[in-house]
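This report refers to the structure that appears directly beneath it.
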Amino acid sequence: MKNNIIIFKGIKFYNYSFTKIVSIIDKGGYLVAPAASALSNISNNKKYHESLKKSDVAIFDSGFFCILLRIFKGKKINKLSGYFFLKKFLSMNFKKKTKFLTIDPTVADSKINKLYLRSKNIKNVKSYIAPQYEHNNVYDQKLIKLIKKYKPKYIIINIGGEIQEILGLFIKNNTNNKTSIICTGAAIAFLTKRQAPINDVIDKFYLGWLARVVFNPRKSLIRTIKSLYLIKHVIND
């Protein structure tokens, strides 16, 4: 088991299959899928770094990160992107009474995400529209009250990276339910086509970054350039 847990900057990345990951998070806690651009910024964002270190499972979302670990650390990694994880997860056969809560950035996203979940035969869904959280002060008592009342089995956080993970930790620390919290951010937007049209082939060959650049050049080029700083972190870890 130890060989399948890779520690990077104090973060426990699980080099496991999808089935094994699901069996772990089903016991509760929160899963994170940090992008390369976000990992490259952990030295400048201490709260984000702390939320990753305290996560119950971190998966290898970034193909670039997997390549760097292979080159500089000799680690063979099984990439399990947030996109692929969420796609397979939402295609599982859940009981009709299983409660889901989605945390969405806008009303429009909420409606589209709910329709997508229902297309996967997930009917018991409630949505919460996230306010604009401050990076250094992620606090939402209204959300905590909703979770305690609704008692969802699964919470899927669909807001931006470096915030969703901090929110995931906040939820875990302020609720007593054995809820599984899935921080996969934009992954659901790939499935609903709200963002870059990523598919299994693009994901398999580590070309998600290219699809994002083509879809949204200005935003994605900056993210891609930021990701290059991850090389230094991997070499010095």
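Note on naming: chains are A, B, ... as they come in the structure tokens, residues start from 1 per chain, ligands start from 1 in the order shown.
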Exercise. Using only C-alpha atoms, which residues sit within 7 Å of Cys183 (chain A) once same-chain residues fewer than 6 positions away are excluded, as an MDAnalysis selection string?
Worked result: chainID A and resid 31:33 156:158 164:165 168
Restricting it to C-alpha atoms, dump the selection as a CSV table (one decimal), in the first residue's frame.
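Once everything was written out, this is selection06.csv:
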chain,number,residue,atom,x,y,z
A,31,LEU,CA,-11.1,14.1,-2.6
A,32,VAL,CA,-9.0,16.6,-4.5
A,33,ALA,CA,-7.7,16.6,-8.1
A,156,ILE,CA,-19.7,17.6,-5.6
A,157,ILE,CA,-18.0,21.0,-5.6
A,158,ASN,CA,-17.9,22.6,-9.0
A,164,GLN,CA,-13.0,24.4,-3.7
A,165,GLU,CA,-10.4,22.5,-1.8
A,168,GLY,CA,-14.0,21.0,1.1
Problem set entry | Sel. of strand (DSSP E or B) residues, region 3-231 of chain A, as JSON, numbers by chain | {"A": [5, 6, 7, 8, 11, 12, 13, 14, 29, 30, 31, 32, 57, 58, 100, 101, 102, 103, 104, 125, 126, 127, 128, 129, 134, 137, 154, 155, 156, 157, 180, 181, 182, 183]}
Keeping only C-alpha atoms, write those residues as a CSV table (one decimal), in the first residue's frame.
chain,number,residue,atom,x,y,z
A,5,ILE,CA,0.8,6.4,-1.9
A,6,ILE,CA,3.1,9.1,-3.2
A,7,ILE,CA,3.9,12.1,-1.0
A,8,PHE,CA,4.5,15.4,-2.7
A,11,ILE,CA,0.2,15.8,0.0
A,12,LYS,CA,-0.9,12.2,-0.2
A,13,PHE,CA,-1.5,11.2,-3.8
A,14,TYR,CA,-3.1,7.8,-4.3
A,29,GLY,CA,-13.9,12.8,3.7
A,30,TYR,CA,-12.9,14.8,0.7
A,31,LEU,CA,-11.1,14.1,-2.6
A,32,VAL,CA,-9.0,16.6,-4.5
A,57,VAL,CA,-7.5,11.4,-1.2
A,58,ALA,CA,-5.6,13.3,-3.9
A,100,PHE,CA,-26.4,14.5,-3.9
A,101,LEU,CA,-25.6,18.1,-3.3
A,102,THR,CA,-23.9,20.1,-6.0
A,103,ILE,CA,-22.1,23.4,-5.2
A,104,ASP,CA,-22.2,25.5,-8.4
A,125,VAL,CA,-30.2,16.2,-6.2
A,126,LYS,CA,-30.1,19.6,-4.5
A,127,SER,CA,-28.0,22.5,-5.7
A,128,TYR,CA,-26.4,25.3,-3.8
A,129,ILE,CA,-25.1,28.5,-5.6
A,134,GLU,CA,-12.5,35.3,-0.3
A,137,ASN,CA,-11.6,33.5,4.4
A,154,TYR,CA,-22.2,13.0,-1.8
A,155,ILE,CA,-21.2,16.7,-2.3
A,156,ILE,CA,-19.7,17.6,-5.6
A,157,ILE,CA,-18.0,21.0,-5.6
A,180,SER,CA,-18.1,12.2,0.6
A,181,ILE,CA,-16.9,15.5,-0.8
A,182,ILE,CA,-15.6,15.5,-4.3
A,183,CYS,CA,-13.6,18.6,-5.4
For this session: Using only C-alpha atoms, determine which residues lie at most 8 Å from region 75-77 of chain A, disregarding the query and same-chain residues fewer than 4 positions distant; provide the list as a PyMOL selection string.
Result: chain A and resi 15+60+66+69-71
For this session: Using DSSP on the backbone coordinates, identify the residues of region 3-234 of chain A assigned to helix (DSSP H, G or I); present them as a PyMOL selection string.
Result: chain A and resi 3-4+18-25+36-39+46-53+63-73+82-90+107-119+141-150+164-174+187-191+200-204+208-215+217-227+230-234
Exercise. Closest to Asn177 (chain A) among A:Phe84, A:Lys148, A:Thr19, A:Gly161, using only C-alpha atoms?
Worked result: A:Lys148
For this session: For Ile202 (chain A), work out the shell of residues within 12 Å, counting only C-alpha atoms and skipping chain neighbours fewer than 2 positions away, then give it as a ChimeraX atom specification.
Result: /A:63,81,83-84,190,196-200,204-212
Exercise. Which of these, A:His135, A:Lys149, A:Lys120, A:Lys96, has the shortest distance to Ile163 (chain A) once you count only C-alpha atoms?
Worked result: A:His135
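The residue that comes closest to Leu80 (chain A), out of A:Ala108, A:Ile67, A:Ile59, A:Leu39 and on the basis of only C-alpha atoms, is A:Ile59.
Across A:Lys111, A:Lys142, A:Thr192, A:Lys153, the tightest approach to Phe94 (chain A) is made by A:Lys153 when counting only C-alpha atoms.
Closest to Lys53 (chain A) among A:Arg223, A:Pro105, A:Ser119, A:Ile166 is A:Ile166, based on only C-alpha atoms.
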